[in-house]
>>> print(open('my_file.cif').read())   # mmCIF, C-alpha atoms, pLDDT in the B column; chains and numbers go by the auth columns
data_entry
loop_
_atom_site.group_PDB
_atom_site.id
_atom_site.type_symbol
_atom_site.label_atom_id
_atom_site.label_comp_id
_atom_site.label_asym_id
_atom_site.label_seq_id
_atom_site.Cartn_x
_atom_site.Cartn_y
_atom_site.Cartn_z
_atom_site.B_iso_or_equiv
_atom_site.auth_seq_id
_atom_site.auth_asym_id
ATOM 1 C CA MET A 1 4.185 -10.746 12.440 88.00 1 A
ATOM 2 C CA THR A 2 3.965 -7.614 14.573 87.00 2 A
ATOM 3 C CA LYS A 3 6.956 -6.248 16.458 91.00 3 A
ATOM 4 C CA THR A 4 7.036 -4.278 19.662 92.00 4 A
ATOM 5 C CA ILE A 5 9.309 -1.249 19.968 91.00 5 A
ATOM 6 C CA THR A 6 10.081 1.147 22.778 93.00 6 A
ATOM 7 C CA LEU A 7 9.731 4.849 22.109 92.00 7 A
ATOM 8 C CA ARG A 8 11.035 7.398 24.584 95.00 8 A
ATOM 9 C CA LEU A 9 9.082 10.680 24.620 95.00 9 A
ATOM 10 C CA ASN A 10 9.287 13.661 26.904 97.00 10 A
ATOM 11 C CA GLN A 11 6.158 14.349 28.968 97.00 11 A
ATOM 12 C CA GLU A 12 4.969 17.213 26.756 97.00 12 A
ATOM 13 C CA ARG A 13 5.096 15.167 23.554 96.00 13 A
ATOM 14 C CA TYR A 14 3.556 12.133 25.208 96.00 14 A
ATOM 15 C CA LEU A 15 0.598 14.154 26.443 97.00 15 A
ATOM 16 C CA ARG A 16 0.136 15.817 23.039 97.00 16 A
ATOM 17 C CA PHE A 17 0.257 12.489 21.166 96.00 17 A
ATOM 18 C CA ARG A 18 -2.112 10.899 23.666 96.00 18 A
ATOM 19 C CA GLN A 19 -4.542 13.822 23.318 97.00 19 A
ATOM 20 C CA LEU A 20 -4.503 13.572 19.514 96.00 20 A
ATOM 21 C CA ALA A 21 -5.011 9.812 19.643 97.00 21 A
ATOM 22 C CA GLU A 22 -7.989 10.221 21.987 97.00 22 A
ATOM 23 C CA GLU A 23 -9.492 12.870 19.690 96.00 23 A
ATOM 24 C CA ASP A 24 -9.196 10.357 16.846 95.00 24 A
ATOM 25 C CA ASN A 25 -10.605 7.616 19.107 96.00 25 A
ATOM 26 C CA ARG A 26 -7.549 5.432 18.526 95.00 26 A
ATOM 27 C CA PRO A 27 -4.905 3.788 20.676 96.00 27 A
ATOM 28 C CA LEU A 28 -1.717 5.793 21.021 96.00 28 A
ATOM 29 C CA SER A 29 0.345 3.172 19.200 95.00 29 A
ATOM 30 C CA ASN A 30 -2.029 3.227 16.208 96.00 30 A
ATOM 31 C CA PHE A 31 -1.954 7.020 16.121 96.00 31 A
ATOM 32 C CA ILE A 32 1.856 7.066 16.041 96.00 32 A
ATOM 33 C CA GLU A 33 2.030 4.299 13.423 95.00 33 A
ATOM 34 C CA THR A 34 -0.469 6.107 11.178 95.00 34 A
ATOM 35 C CA ALA A 35 1.354 9.424 11.554 95.00 35 A
ATOM 36 C CA VAL A 36 4.660 7.824 10.569 94.00 36 A
ATOM 37 C CA LEU A 37 3.111 6.085 7.548 93.00 37 A
ATOM 38 C CA ARG A 38 1.586 9.385 6.389 91.00 38 A
ATOM 39 C CA TYR A 39 4.958 11.080 6.750 91.00 39 A
ATOM 40 C CA ILE A 40 6.627 8.366 4.667 90.00 40 A
ATOM 41 C CA GLU A 41 4.004 8.689 1.948 85.00 41 A
ATOM 42 C CA ASP A 42 4.359 12.474 1.875 84.00 42 A
ATOM 43 C CA GLN A 43 8.149 12.278 1.654 84.00 43 A
ATOM 44 C CA GLY A 44 8.306 9.328 -0.732 80.00 44 A
ATOM 45 C CA TYR A 45 6.266 10.730 -3.578 81.00 45 A
ATOM 46 C CA VAL A 46 6.302 13.920 -5.577 81.00 46 A
ATOM 47 C CA ASP A 47 3.180 15.982 -6.055 82.00 47 A
ATOM 48 C CA GLU A 48 1.707 16.825 -9.468 86.00 48 A
ATOM 49 C CA PHE A 49 3.547 20.155 -9.660 89.00 49 A
ATOM 50 C CA GLU A 50 6.941 18.563 -8.965 87.00 50 A
ATOM 51 C CA MET A 51 6.259 15.758 -11.447 88.00 51 A
ATOM 52 C CA SER A 52 5.379 18.228 -14.203 92.00 52 A
ATOM 53 C CA GLU A 53 8.648 20.086 -13.539 92.00 53 A
ATOM 54 C CA ILE A 54 10.573 16.815 -13.742 90.00 54 A
ATOM 55 C CA LYS A 55 8.875 15.789 -16.996 91.00 55 A
ATOM 56 C CA GLU A 56 9.553 19.197 -18.571 94.00 56 A
ATOM 57 C CA ASN A 57 13.274 19.186 -17.679 95.00 57 A
ATOM 58 C CA GLU A 58 14.866 17.830 -20.873 94.00 58 A
ATOM 59 C CA ASP A 59 18.424 17.776 -19.482 94.00 59 A
ATOM 60 C CA LEU A 60 17.331 15.765 -16.467 94.00 60 A
ATOM 61 C CA ASN A 61 15.362 13.307 -18.597 93.00 61 A
ATOM 62 C CA ASP A 62 18.271 12.861 -21.025 93.00 62 A
ATOM 63 C CA SER A 63 20.587 12.198 -18.084 93.00 63 A
ATOM 64 C CA LEU A 64 18.161 9.678 -16.550 92.00 64 A
ATOM 65 C CA THR A 65 17.738 7.902 -19.879 93.00 65 A
ATOM 66 C CA GLN A 66 21.507 7.680 -20.357 92.00 66 A
ATOM 67 C CA GLY A 67 21.963 6.458 -16.782 90.00 67 A
ATOM 68 C CA LEU A 68 19.412 3.717 -17.342 91.00 68 A
ATOM 69 C CA LYS A 69 21.180 2.611 -20.522 92.00 69 A
ATOM 70 C CA ASP A 70 24.522 2.606 -18.689 89.00 70 A
ATOM 71 C CA ALA A 71 23.062 0.535 -15.870 88.00 71 A
ATOM 72 C CA GLU A 72 21.569 -1.985 -18.298 89.00 72 A
ATOM 73 C CA THR A 73 24.910 -2.454 -20.065 89.00 73 A
ATOM 74 C CA GLY A 74 26.942 -2.513 -16.848 85.00 74 A
ATOM 75 C CA LYS A 75 28.824 0.636 -17.754 84.00 75 A
ATOM 76 C CA GLY A 76 30.218 2.594 -14.812 76.00 76 A
ATOM 77 C CA ARG A 77 30.482 1.777 -11.135 75.00 77 A
ATOM 78 C CA PHE A 78 27.477 0.972 -9.017 67.00 78 A
ATOM 79 C CA ALA A 79 27.901 0.952 -5.267 64.00 79 A
#
>>> encode(input="my_file.cif", output="structure tokens")
Amino acid sequence: MTKTITLRLNQERYLRFRQLAEEDNRPLSNFIETAVLRYIEDQGYVDEFEMSEIKENEDLNDSLTQGLKDAETGKGRFA
């Protein structure tokens, strides 16, 4: 089910968003929704470079492995 929200924008931003939406031949609401979803995807995932750094960090991986074991056994406090 879709939901309706109200978004307050100053005139400058509104005109810029509307212009970009028109250039993309989309309704303003769809443009904003797509932009937000792209932002979430960009912020929610690491790129290949970051992932290789994570995989190569032995201390971090040891800590994550131990944390997972602790969580599985109920050791520690989880808020």
>>> atom_distance(input="my_file.cif", atom1="atom CA of A:Asn30", atom2="atom CA of A:Ile5")
12.8 Å
>>> atom_distance(input="my_file.cif", atom1="atom CA of A:Ser29", atom2="atom CA of A:Lys3")
11.8 Å
>>> atom_distance(input="my_file.cif", atom1="atom CA of A:Glu53", atom2="atom CA of A:Gly76")
27.8 Å
>>> closest_residue(input="my_file.cif", among="A:Met1, A:Leu7, A:Leu60, A:Ala35", to="A:Leu20", atoms="all atoms listed in the file")
A:Ala35
>>> axis_aligned_box(input="my_file.cif", around="stretch 46-50 of chain A", padding_each_side="8 Å", output="lines of an AutoDock Vina configuration file")
center_x = 4.3
center_y = 17.0
center_z = -7.6
size_x = 21.2
size_y = 22.2
size_z = 20.1
>>> residues_around(input="my_file.cif", residues="A:Thr34", least_positions_apart="5", cutoff="12 Å", atoms="all atoms listed in the file", output="list in words")
Phe17, Leu20, Ala21, Asp24, Arg26, Pro27, Leu28, Ser29, Tyr39, Ile40 and Glu41 of chain A
>>> build_atoms(input="my_file.cif", residues="stretch 33-62 of chain A", atoms="N, CA and C atoms", output="mmCIF file, in the coordinates of the input")
data_model
loop_
_atom_site.group_PDB
_atom_site.id
_atom_site.type_symbol
_atom_site.label_atom_id
_atom_site.label_comp_id
_atom_site.auth_asym_id
_atom_site.auth_seq_id
_atom_site.Cartn_x
_atom_site.Cartn_y
_atom_site.Cartn_z
ATOM 1 N N GLU A 33 1.753 5.076 14.631
ATOM 2 C CA GLU A 33 2.030 4.299 13.423
ATOM 3 C C GLU A 33 1.427 4.982 12.196
ATOM 4 N N THR A 34 0.190 5.440 12.299
ATOM 5 C CA THR A 34 -0.469 6.107 11.178
ATOM 6 C C THR A 34 0.235 7.406 10.809
ATOM 7 N N ALA A 35 0.649 8.164 11.813
ATOM 8 C CA ALA A 35 1.354 9.424 11.554
ATOM 9 C C ALA A 35 2.663 9.170 10.820
ATOM 10 N N VAL A 36 3.388 8.150 11.221
ATOM 11 C CA VAL A 36 4.660 7.824 10.569
ATOM 12 C C VAL A 36 4.417 7.379 9.130
ATOM 13 N N LEU A 37 3.412 6.540 8.912
ATOM 14 C CA LEU A 37 3.111 6.085 7.548
ATOM 15 C C LEU A 37 2.714 7.254 6.649
ATOM 16 N N ARG A 38 1.947 8.192 7.178
ATOM 17 C CA ARG A 38 1.586 9.385 6.389
ATOM 18 C C ARG A 38 2.820 10.206 6.043
ATOM 19 N N TYR A 39 3.722 10.341 6.999
ATOM 20 C CA TYR A 39 4.958 11.080 6.750
ATOM 21 C C TYR A 39 5.762 10.416 5.631
ATOM 22 N N ILE A 40 5.878 9.104 5.694
ATOM 23 C CA ILE A 40 6.627 8.366 4.667
ATOM 24 C C ILE A 40 5.994 8.565 3.300
ATOM 25 N N GLU A 41 4.684 8.479 3.223
ATOM 26 C CA GLU A 41 4.004 8.689 1.948
ATOM 27 C C GLU A 41 4.233 10.098 1.424
ATOM 28 N N ASP A 42 4.154 11.089 2.299
ATOM 29 C CA ASP A 42 4.359 12.474 1.875
ATOM 30 C C ASP A 42 5.776 12.709 1.383
ATOM 31 N N GLN A 43 6.755 12.085 2.020
ATOM 32 C CA GLN A 43 8.149 12.278 1.654
ATOM 33 C C GLN A 43 8.584 11.410 0.486
ATOM 34 N N GLY A 44 7.888 10.304 0.272
ATOM 35 C CA GLY A 44 8.306 9.328 -0.732
ATOM 36 C C GLY A 44 7.799 9.584 -2.131
ATOM 37 N N TYR A 45 6.871 10.477 -2.281
ATOM 38 C CA TYR A 45 6.266 10.730 -3.578
ATOM 39 C C TYR A 45 6.309 12.214 -3.898
ATOM 40 N N VAL A 46 6.347 12.518 -5.167
ATOM 41 C CA VAL A 46 6.302 13.920 -5.577
ATOM 42 C C VAL A 46 4.865 14.287 -5.913
ATOM 43 N N ASP A 47 4.528 15.549 -5.712
ATOM 44 C CA ASP A 47 3.180 15.982 -6.055
ATOM 45 C C ASP A 47 3.107 16.279 -7.552
ATOM 46 N N GLU A 48 1.913 16.611 -8.033
ATOM 47 C CA GLU A 48 1.707 16.825 -9.468
ATOM 48 C C GLU A 48 2.571 17.959 -10.008
ATOM 49 N N PHE A 49 2.736 19.021 -9.229
ATOM 50 C CA PHE A 49 3.547 20.155 -9.660
ATOM 51 C C PHE A 49 5.000 19.742 -9.850
ATOM 52 N N GLU A 50 5.552 19.023 -8.862
ATOM 53 C CA GLU A 50 6.941 18.563 -8.965
ATOM 54 C C GLU A 50 7.123 17.616 -10.143
ATOM 55 N N MET A 51 6.150 16.713 -10.350
ATOM 56 C CA MET A 51 6.259 15.758 -11.447
ATOM 57 C C MET A 51 6.226 16.475 -12.790
ATOM 58 N N SER A 52 5.406 17.502 -12.932
ATOM 59 C CA SER A 52 5.379 18.228 -14.203
ATOM 60 C C SER A 52 6.707 18.937 -14.441
ATOM 61 N N GLU A 53 7.330 19.463 -13.381
ATOM 62 C CA GLU A 53 8.648 20.086 -13.539
ATOM 63 C C GLU A 53 9.688 19.056 -13.967
ATOM 64 N N ILE A 54 9.632 17.879 -13.388
ATOM 65 C CA ILE A 54 10.573 16.815 -13.742
ATOM 66 C C ILE A 54 10.389 16.420 -15.201
ATOM 67 N N LYS A 55 9.154 16.216 -15.613
ATOM 68 C CA LYS A 55 8.875 15.789 -16.996
ATOM 69 C C LYS A 55 9.293 16.842 -18.017
ATOM 70 N N GLU A 56 9.212 18.116 -17.646
ATOM 71 C CA GLU A 56 9.553 19.197 -18.571
ATOM 72 C C GLU A 56 11.053 19.483 -18.634
ATOM 73 N N ASN A 57 11.837 18.925 -17.736
ATOM 74 C CA ASN A 57 13.274 19.186 -17.679
ATOM 75 C C ASN A 57 13.993 18.220 -18.627
ATOM 76 N N GLU A 58 14.276 18.691 -19.843
ATOM 77 C CA GLU A 58 14.866 17.830 -20.873
ATOM 78 C C GLU A 58 16.256 17.332 -20.479
ATOM 79 N N ASP A 59 17.078 18.190 -19.892
ATOM 80 C CA ASP A 59 18.424 17.776 -19.482
ATOM 81 C C ASP A 59 18.354 16.647 -18.453
ATOM 82 N N LEU A 60 17.485 16.801 -17.488
ATOM 83 C CA LEU A 60 17.331 15.765 -16.467
ATOM 84 C C LEU A 60 16.862 14.452 -17.091
ATOM 85 N N ASN A 61 15.878 14.522 -17.977
ATOM 86 C CA ASN A 61 15.362 13.307 -18.597
ATOM 87 C C ASN A 61 16.395 12.643 -19.495
ATOM 88 N N ASP A 62 17.190 13.436 -20.216
ATOM 89 C CA ASP A 62 18.271 12.861 -21.025
ATOM 90 C C ASP A 62 19.286 12.153 -20.133
#
